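What follows is the content of upload.json, which has JSON, C-alpha atoms:
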[["chain", "number", "residue", "atom", "x", "y", "z"],
["A", 1, "MET", "CA", 23.75, -53.67, -80.93],
["A", 2, "PRO", "CA", 20.07, -53.17, -81.86],
["A", 3, "TYR", "CA", 18.39, -50.07, -80.49],
["A", 4, "ALA", "CA", 15.19, -48.07, -80.86],
["A", 5, "LEU", "CA", 14.36, -44.39, -80.43],
["A", 6, "ASP", "CA", 12.01, -42.98, -77.83],
["A", 7, "ASN", "CA", 10.69, -39.43, -78.19],
["A", 8, "GLY", "CA", 11.16, -37.90, -74.74],
["A", 9, "ALA", "CA", 7.46, -37.23, -74.09],
["A", 10, "PHE", "CA", 7.20, -39.37, -70.95],
["A", 11, "PRO", "CA", 9.27, -37.07, -68.67],
["A", 12, "CYS", "CA", 6.95, -34.20, -69.67],
["A", 13, "TRP", "CA", 4.02, -36.06, -68.10],
["A", 14, "ASP", "CA", 3.00, -35.99, -64.44],
["A", 15, "PRO", "CA", 0.92, -39.17, -64.06],
["A", 16, "ALA", "CA", -0.29, -38.23, -60.57],
["A", 17, "ASN", "CA", -2.13, -35.18, -61.96],
["A", 18, "ASP", "CA", -2.33, -36.28, -65.61],
["A", 19, "THR", "CA", -0.73, -33.03, -66.71],
["A", 20, "PHE", "CA", 1.71, -32.50, -69.57],
["A", 21, "ASP", "CA", 4.38, -29.80, -69.56],
["A", 22, "GLU", "CA", 4.11, -28.31, -73.06],
["A", 23, "ASP", "CA", 7.05, -25.94, -72.47],
["A", 24, "ARG", "CA", 9.28, -28.87, -71.60],
["A", 25, "TRP", "CA", 7.99, -30.75, -74.66],
["A", 26, "THR", "CA", 8.90, -27.80, -76.91],
["A", 27, "ARG", "CA", 12.51, -28.06, -75.71],
["A", 28, "THR", "CA", 12.44, -31.85, -75.96],
["A", 29, "GLU", "CA", 10.99, -31.82, -79.48],
["A", 30, "HIS", "CA", 14.06, -29.96, -80.72],
["A", 31, "GLN", "CA", 16.33, -32.65, -79.24],
["A", 32, "TRP", "CA", 14.09, -35.40, -80.66],
["A", 33, "ARG", "CA", 14.41, -33.97, -84.17],
["A", 34, "HIS", "CA", 18.21, -33.91, -83.78],
["A", 35, "LEU", "CA", 18.14, -37.55, -82.66],
["A", 36, "LEU", "CA", 16.16, -38.53, -85.76],
["A", 37, "PHE", "CA", 18.65, -36.67, -87.94],
["A", 38, "TRP", "CA", 21.59, -38.34, -86.21],
["A", 39, "SER", "CA", 20.06, -41.80, -86.59],
["A", 40, "GLN", "CA", 19.71, -41.36, -90.34],
["A", 41, "ALA", "CA", 23.49, -41.03, -90.61],
["A", 42, "ALA", "CA", 24.33, -43.66, -88.00],
["A", 43, "PRO", "CA", 26.00, -46.83, -89.34],
["A", 44, "ILE", "CA", 23.46, -48.98, -87.47],
["A", 45, "LYS", "CA", 19.87, -47.86, -87.97],
["A", 46, "PRO", "CA", 17.28, -48.00, -85.18],
["A", 47, "ARG", "CA", 14.78, -50.85, -85.24],
["A", 48, "TRP", "CA", 11.98, -48.28, -84.87],
["A", 49, "ALA", "CA", 11.16, -44.82, -83.49],
["A", 50, "ILE", "CA", 8.22, -43.90, -81.26],
["A", 51, "VAL", "CA", 6.24, -41.09, -82.85],
["A", 52, "PRO", "CA", 5.64, -38.33, -80.25],
["A", 53, "ASP", "CA", 2.67, -39.11, -78.03],
["A", 54, "ARG", "CA", 0.77, -37.73, -75.05],
["A", 55, "PRO", "CA", 1.13, -40.27, -72.25],
["A", 56, "GLY", "CA", -2.19, -41.41, -70.80],
["A", 57, "ARG", "CA", -4.31, -39.69, -73.46],
["A", 58, "ALA", "CA", -5.55, -41.48, -76.58],
["A", 59, "GLU", "CA", -7.05, -38.55, -78.50],
["A", 60, "GLU", "CA", -4.06, -36.28, -77.99],
["A", 61, "THR", "CA", -1.75, -39.12, -79.06],
["A", 62, "PHE", "CA", -3.78, -39.57, -82.27],
["A", 63, "GLU", "CA", -3.43, -35.81, -82.91],
["A", 64, "ARG", "CA", 0.32, -36.04, -82.41],
["A", 65, "TRP", "CA", 0.43, -39.06, -84.75],
["A", 66, "SER", "CA", -1.13, -36.89, -87.47],
["A", 67, "ARG", "CA", 1.44, -34.15, -86.79],
["A", 68, "TYR", "CA", 4.63, -36.23, -86.42],
["A", 69, "ALA", "CA", 4.28, -39.62, -88.15],
["A", 70, "GLY", "CA", 5.26, -38.12, -91.50],
["A", 71, "ILE", "CA", 8.50, -36.80, -90.03],
["A", 72, "VAL", "CA", 9.50, -40.25, -88.78],
["A", 73, "ALA", "CA", 8.35, -41.89, -92.03],
["A", 74, "ALA", "CA", 10.49, -39.45, -94.04],
["A", 75, "SER", "CA", 13.51, -40.55, -92.02],
["A", 76, "THR", "CA", 12.90, -44.13, -93.27],
["A", 77, "ILE", "CA", 12.83, -45.43, -89.70],
["A", 78, "PRO", "CA", 9.95, -47.84, -88.95],
["A", 79, "LEU", "CA", 7.19, -46.09, -87.02],
["A", 80, "ALA", "CA", 6.12, -47.10, -83.53],
["A", 81, "LEU", "CA", 2.94, -45.96, -81.79],
["A", 82, "ALA", "CA", 2.84, -45.60, -78.01],
["A", 83, "VAL", "CA", -0.72, -46.78, -77.34],
["A", 84, "GLN", "CA", -2.45, -44.96, -74.49],
["A", 85, "ASP", "CA", -5.41, -45.38, -72.16],
["A", 86, "GLY", "CA", -8.61, -45.90, -74.11],
["A", 87, "MET", "CA", -7.08, -46.86, -77.46],
["A", 88, "THR", "CA", -8.36, -49.91, -79.28],
["A", 89, "PRO", "CA", -6.79, -52.09, -81.97],
["A", 90, "GLU", "CA", -9.58, -51.01, -84.34],
["A", 91, "GLN", "CA", -8.61, -47.34, -83.95],
["A", 92, "VAL", "CA", -4.93, -48.14, -84.47],
["A", 93, "ARG", "CA", -5.69, -50.06, -87.69],
["A", 94, "LEU", "CA", -7.26, -46.89, -89.13],
["A", 95, "LEU", "CA", -4.08, -44.80, -88.74],
["A", 96, "VAL", "CA", -2.26, -43.56, -91.82],
["A", 97, "PRO", "CA", 0.56, -44.31, -92.04],
["A", 98, "GLN", "CA", 0.31, -47.57, -90.14],
["A", 99, "PRO", "CA", 2.69, -48.18, -87.23],
["A", 100, "THR", "CA", 5.16, -51.04, -87.61],
["A", 101, "VAL", "CA", 5.46, -51.53, -83.84],
["A", 102, "ILE", "CA", 2.97, -51.10, -81.01],
["A", 103, "CYS", "CA", 4.57, -49.76, -77.82],
["A", 104, "ILE", "CA", 2.28, -50.28, -74.86],
["A", 105, "GLY", "CA", 2.35, -47.17, -72.70],
["A", 106, "GLY", "CA", -0.30, -45.32, -70.78],
["A", 107, "THR", "CA", -0.98, -45.63, -67.09],
["A", 108, "THR", "CA", 0.49, -48.65, -65.32],
["A", 109, "GLN", "CA", -2.87, -50.29, -64.63],
["A", 110, "TRP", "CA", -4.12, -49.84, -68.20],
["A", 111, "LYS", "CA", -0.85, -51.09, -69.66],
["A", 112, "TRP", "CA", -0.88, -54.38, -67.73],
["A", 113, "THR", "CA", -4.63, -54.85, -68.26],
["A", 114, "THR", "CA", -4.32, -54.57, -72.06],
["A", 115, "VAL", "CA", -0.93, -56.15, -72.82],
["A", 116, "GLU", "CA", -2.45, -59.51, -73.84],
["A", 117, "MET", "CA", -4.84, -57.79, -76.28],
["A", 118, "TRP", "CA", -2.07, -55.83, -78.00],
["A", 119, "ALA", "CA", 0.22, -58.88, -78.17],
["A", 120, "ARG", "CA", -2.59, -60.95, -79.69],
["A", 121, "ASP", "CA", -3.65, -58.34, -82.26],
["A", 122, "PHE", "CA", -0.29, -57.05, -83.54],
["A", 123, "PRO", "CA", 2.83, -58.93, -84.68],
["A", 124, "ARG", "CA", 5.39, -56.51, -83.19],
["A", 125, "VAL", "CA", 4.87, -55.28, -79.64],
["A", 126, "HIS", "CA", 7.16, -53.50, -77.17],
["A", 127, "LEU", "CA", 6.16, -52.88, -73.55],
["A", 128, "LEU", "CA", 7.21, -49.55, -72.07],
["A", 129, "ARG", "CA", 8.31, -49.23, -68.43],
["A", 130, "CYS", "CA", 8.75, -52.81, -67.27],
["A", 131, "ASN", "CA", 11.07, -52.93, -64.28],
["A", 132, "SER", "CA", 10.03, -56.28, -62.86],
["A", 133, "PRO", "CA", 12.20, -59.32, -63.58],
["A", 134, "THR", "CA", 9.25, -61.62, -62.84],
["A", 135, "LYS", "CA", 7.26, -60.11, -65.74],
["A", 136, "LEU", "CA", 9.87, -60.96, -68.40],
["A", 137, "HIS", "CA", 8.85, -64.61, -68.82],
["A", 138, "TYR", "CA", 5.19, -63.54, -68.97],
["A", 139, "LEU", "CA", 5.89, -61.00, -71.72],
["A", 140, "GLU", "CA", 8.01, -63.51, -73.61],
["A", 141, "SER", "CA", 5.18, -66.07, -73.45],
["A", 142, "LEU", "CA", 2.85, -63.49, -75.04],
["A", 143, "GLY", "CA", 5.26, -62.88, -77.92],
["A", 144, "VAL", "CA", 6.21, -59.35, -76.85],
["A", 145, "GLU", "CA", 9.46, -58.70, -78.70],
["A", 146, "SER", "CA", 11.03, -56.20, -76.31],
["A", 147, "THR", "CA", 10.62, -54.07, -73.22],
["A", 148, "ASP", "CA", 12.39, -51.25, -71.43],
["A", 149, "GLY", "CA", 12.61, -49.68, -68.02],
["A", 150, "THR", "CA", 14.92, -47.31, -66.22],
["A", 151, "GLY", "CA", 15.00, -49.61, -63.21],
["A", 152, "TRP", "CA", 17.43, -51.97, -64.93],
["A", 153, "ASN", "CA", 20.05, -49.21, -64.91],
["A", 154, "ARG", "CA", 19.66, -48.05, -61.33],
["A", 155, "GLY", "CA", 21.83, -50.80, -59.90],
["A", 156, "ASP", "CA", 19.27, -52.64, -57.80],
["A", 157, "ARG", "CA", 20.71, -56.12, -57.17],
["A", 158, "LYS", "CA", 17.31, -57.83, -57.17],
["A", 159, "GLN", "CA", 16.39, -56.39, -60.55],
["A", 160, "THR", "CA", 19.79, -57.01, -62.11],
["A", 161, "GLN", "CA", 19.89, -60.59, -60.84],
["A", 162, "GLY", "CA", 16.35, -61.17, -62.13],
["A", 163, "LEU", "CA", 17.28, -59.80, -65.55],
["A", 164, "GLU", "CA", 20.38, -61.96, -65.66],
["A", 165, "ASP", "CA", 18.39, -65.04, -64.56],
["A", 166, "TRP", "CA", 15.92, -64.44, -67.37],
["A", 167, "ALA", "CA", 18.63, -63.82, -69.98],
["A", 168, "ARG", "CA", 20.57, -66.93, -69.02],
["A", 169, "GLY", "CA", 17.52, -69.11, -68.66],
["A", 170, "TRP", "CA", 17.62, -69.23, -64.85],
["A", 171, "HIS", "CA", 21.19, -70.66, -64.83],
["A", 172, "SER", "CA", 22.99, -67.47, -63.87],
["A", 173, "HIS", "CA", 24.11, -68.40, -60.36],
["A", 174, "GLU", "CA", 27.08, -70.40, -61.61],
["A", 175, "HIS", "CA", 29.00, -67.26, -62.66],
["A", 176, "PRO", "CA", 26.77, -64.30, -61.81],
["A", 177, "LEU", "CA", 27.53, -60.82, -63.08],
["A", 178, "TRP", "CA", 25.18, -58.90, -60.81],
["A", 179, "PRO", "CA", 27.51, -58.72, -57.76],
["A", 180, "HIS", "CA", 30.01, -56.87, -59.95],
["A", 181, "VAL", "CA", 27.64, -54.36, -61.54],
["A", 182, "CYS", "CA", 25.30, -53.37, -58.70],
["A", 183, "ARG", "CA", 25.66, -50.94, -55.88],
["A", 184, "GLN", "CA", 25.23, -52.03, -52.28],
["A", 185, "ALA", "CA", 21.95, -53.61, -51.24],
["A", 186, "ARG", "CA", 19.18, -51.16, -50.46],
["A", 187, "ASP", "CA", 18.05, -50.20, -47.00],
["A", 188, "ALA", "CA", 16.10, -53.07, -45.42],
["A", 189, "GLY", "CA", 13.18, -50.73, -44.68],
["A", 190, "TYR", "CA", 12.84, -49.75, -48.34],
["A", 191, "GLN", "CA", 9.79, -51.25, -50.08],
["A", 192, "GLU", "CA", 10.52, -52.04, -53.73],
["A", 193, "VAL", "CA", 7.71, -51.53, -56.22],
["A", 194, "PHE", "CA", 8.15, -52.47, -59.83],
["A", 195, "ALA", "CA", 5.79, -51.14, -62.52]]
Target encoding structure tokens, full file:
Amino acid sequence: MPYALDNGAFPCWDPANDTFDEDRWTRTEHQWRHLLFWSQAAPIKPRWAIVPDRPGRAEETFERWSRYAGIVAASTIPLALAVQDGMTPEQVRLLVPQPTVICIGGTTQWKWTTVEMWARDFPRVHLLRCNSPTKLHYLESLGVESTDGTGWNRGDRKQTQGLEDWARGWHSHEHPLWPHVCRQARDAGYQEVFA
């Protein structure tokens, strides 16, 4: 099964305050390096690896690219850049080494405002943190090759059914899987919000 490697920077970020826990990153970086090492010996190689970034911050992400891109390149795994608020395609084209994949990150508003630009300007694009089944057809129409989101694994029936509908081409109700893999329906008073 194809897979890609993230770097663990996102949980170090508090988007509400735009702060980054450097102590947590120091611990995470050690685990990230072990993951890179493991993937080099794995029988199936990752499709790409996201070079460590600073969520929500373009300049700090460029600094991290300078520091870490060589480590990923040395592992012979294709490099992915998590683009952040304020980045432009022109800036990304100046990076050395060049990323193979653009992963659209940053704040939720910036990500959805710029997804069409990134999909138009780069051949390989992945969208980070998409938990909305209704967005999958939109992303597919733009040529976005992949997406991720923790919401798919939380067992929400609406999300799982939406993912299955998309994967089966909207013909999933004949023999649906979602009733067998999801927990009970959520509380009726719960308002679902998908990023």
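Straight-line separation from CA of Ser132 in chain A to CA of Val92 in chain A: 27.5 Å.
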Contact residues around Trp13 in chain A with all atoms listed in the file at 12 Å, ignoring same-chain residues under 4 positions, as a tab-separated table (two decimals) with C-alpha atoms, keeping the file's coordinate frame:
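Below is the file selection09.tsv, written as the result:
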chain	number	residue	atom	x	y	z
A	8	GLY	CA	11.16	-37.90	-74.74
A	9	ALA	CA	7.46	-37.23	-74.09
A	17	ASN	CA	-2.13	-35.18	-61.96
A	18	ASP	CA	-2.33	-36.28	-65.61
A	19	THR	CA	-0.73	-33.03	-66.71
A	20	PHE	CA	1.71	-32.50	-69.57
A	21	ASP	CA	4.38	-29.80	-69.56
A	22	GLU	CA	4.11	-28.31	-73.06
A	23	ASP	CA	7.05	-25.94	-72.47
A	24	ARG	CA	9.28	-28.87	-71.60
A	25	TRP	CA	7.99	-30.75	-74.66
A	53	ASP	CA	2.67	-39.11	-78.03
A	54	ARG	CA	0.77	-37.73	-75.05
A	55	PRO	CA	1.13	-40.27	-72.25
A	56	GLY	CA	-2.19	-41.41	-70.80
A	57	ARG	CA	-4.31	-39.69	-73.46
A	106	GLY	CA	-0.30	-45.32	-70.78
A	107	THR	CA	-0.98	-45.63	-67.09
Worksheet item: Quick one: distance from CA of Gly162 in chain A to CA of Ala16 in chain A in Å, one decimal?
Response: 28.4 Å
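Across A:Gln109, A:Ser66, A:Thr61, A:Thr76, the tightest approach to Ser39 in chain A is made by A:Thr76 when counting only C-alpha atoms.
The protein and nucleic acid residues lying at most 7 Å from Pro52 in chain A are Asn7, Ala9, Ile50, Arg64, Trp65 and Tyr68 of chain A, with all atoms listed in the file considered and sequence neighbours fewer than 2 positions away removed.
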Write the residues of the preceding selection, restricted to C-alpha atoms, as a PDB file, in the coordinates of the input.
ATOM      1  CA  ASN A   7      10.690 -39.430 -78.190  1.00  0.00           C
ATOM      2  CA  ALA A   9       7.460 -37.230 -74.090  1.00  0.00           C
ATOM      3  CA  ILE A  50       8.220 -43.900 -81.260  1.00  0.00           C
ATOM      4  CA  ARG A  64       0.320 -36.040 -82.410  1.00  0.00           C
ATOM      5  CA  TRP A  65       0.430 -39.060 -84.750  1.00  0.00           C
ATOM      6  CA  TYR A  68       4.630 -36.230 -86.420  1.00  0.00           C
TER       7      TYR A  68
END
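Between Arg93 in chain A and the residues A:Glu60, A:Arg154, A:Thr28, A:Leu81, the shortest atom-to-atom distance, using all atoms listed in the file, involves A:Leu81.
For Gly151 in chain A, the list of residues within 9 Å, based on only C-alpha atoms and with local chain neighbours fewer than 5 positions off taken out, reads Arg129, Cys130, Asn131, Ser132, Asp156, Gln159, Thr160 and Phe194 of chain A.
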For those residues, write C-alpha atoms to a file as a PDB file, keeping the file's coordinate frame.
ATOM      1  CA  ARG A 129       8.310 -49.230 -68.430  1.00  0.00           C
ATOM      2  CA  CYS A 130       8.750 -52.810 -67.270  1.00  0.00           C
ATOM      3  CA  ASN A 131      11.070 -52.930 -64.280  1.00  0.00           C
ATOM      4  CA  SER A 132      10.030 -56.280 -62.860  1.00  0.00           C
ATOM      5  CA  ASP A 156      19.270 -52.640 -57.800  1.00  0.00           C
ATOM      6  CA  GLN A 159      16.390 -56.390 -60.550  1.00  0.00           C
ATOM      7  CA  THR A 160      19.790 -57.010 -62.110  1.00  0.00           C
ATOM      8  CA  PHE A 194       8.150 -52.470 -59.830  1.00  0.00           C
TER       9      PHE A 194
END
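CA of Leu163 in chain A is positioned 28.9 Å from CA of Trp32 in chain A.
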Worksheet item: When distances are computed from all atoms listed in the file, which of A:Val51, A:Ile44, A:Ala167, A:Val96 shows the smallest separation from Leu79 in chain A?
Response: A:Val51
Discussion item. So, with all atoms listed in the file as the atoms that count, which of A:Ala74, A:Ala82, A:Leu5, A:Ala69 lies closest to Gln31 in chain A?
Written reply: A:Leu5
Discussion item. I'd like the contact shell of range 117-122 of chain A - 8 Å cut-off, all atoms listed in the file, skipping same-chain residues fewer than 4 positions apart - returned as an NGL selection string.
Written reply: :A and (89 or 101-102 or 104 or 142-144)
Using the file's own x, y and z axes, so that the box edges lie along x, y and z, what centre and edge lengths in Å (one decimal) does a box around every listed atom of range 134-147 of chain A get when 3 Å is added on each side? Give it as JSON.
{"center_x": 6.9, "center_y": -60.1, "center_z": -70.8, "size_x": 14.2, "size_y": 18.0, "size_z": 21.9}
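Comparing A:Pro2, A:Ile77, A:Trp166, A:Thr100 by their smallest distance to Leu36 in chain A, the closest is A:Ile77 (using only C-alpha atoms).
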Fill in: Surrounding residues of Ala42 in chain A excluding itself and chain neighbours under 4 positions, 12 Å, only C-alpha atoms, as a list in words
Tyr3, Leu35, Leu36, Phe37, Trp38, Pro46, Ser75 and Ile77 of chain A
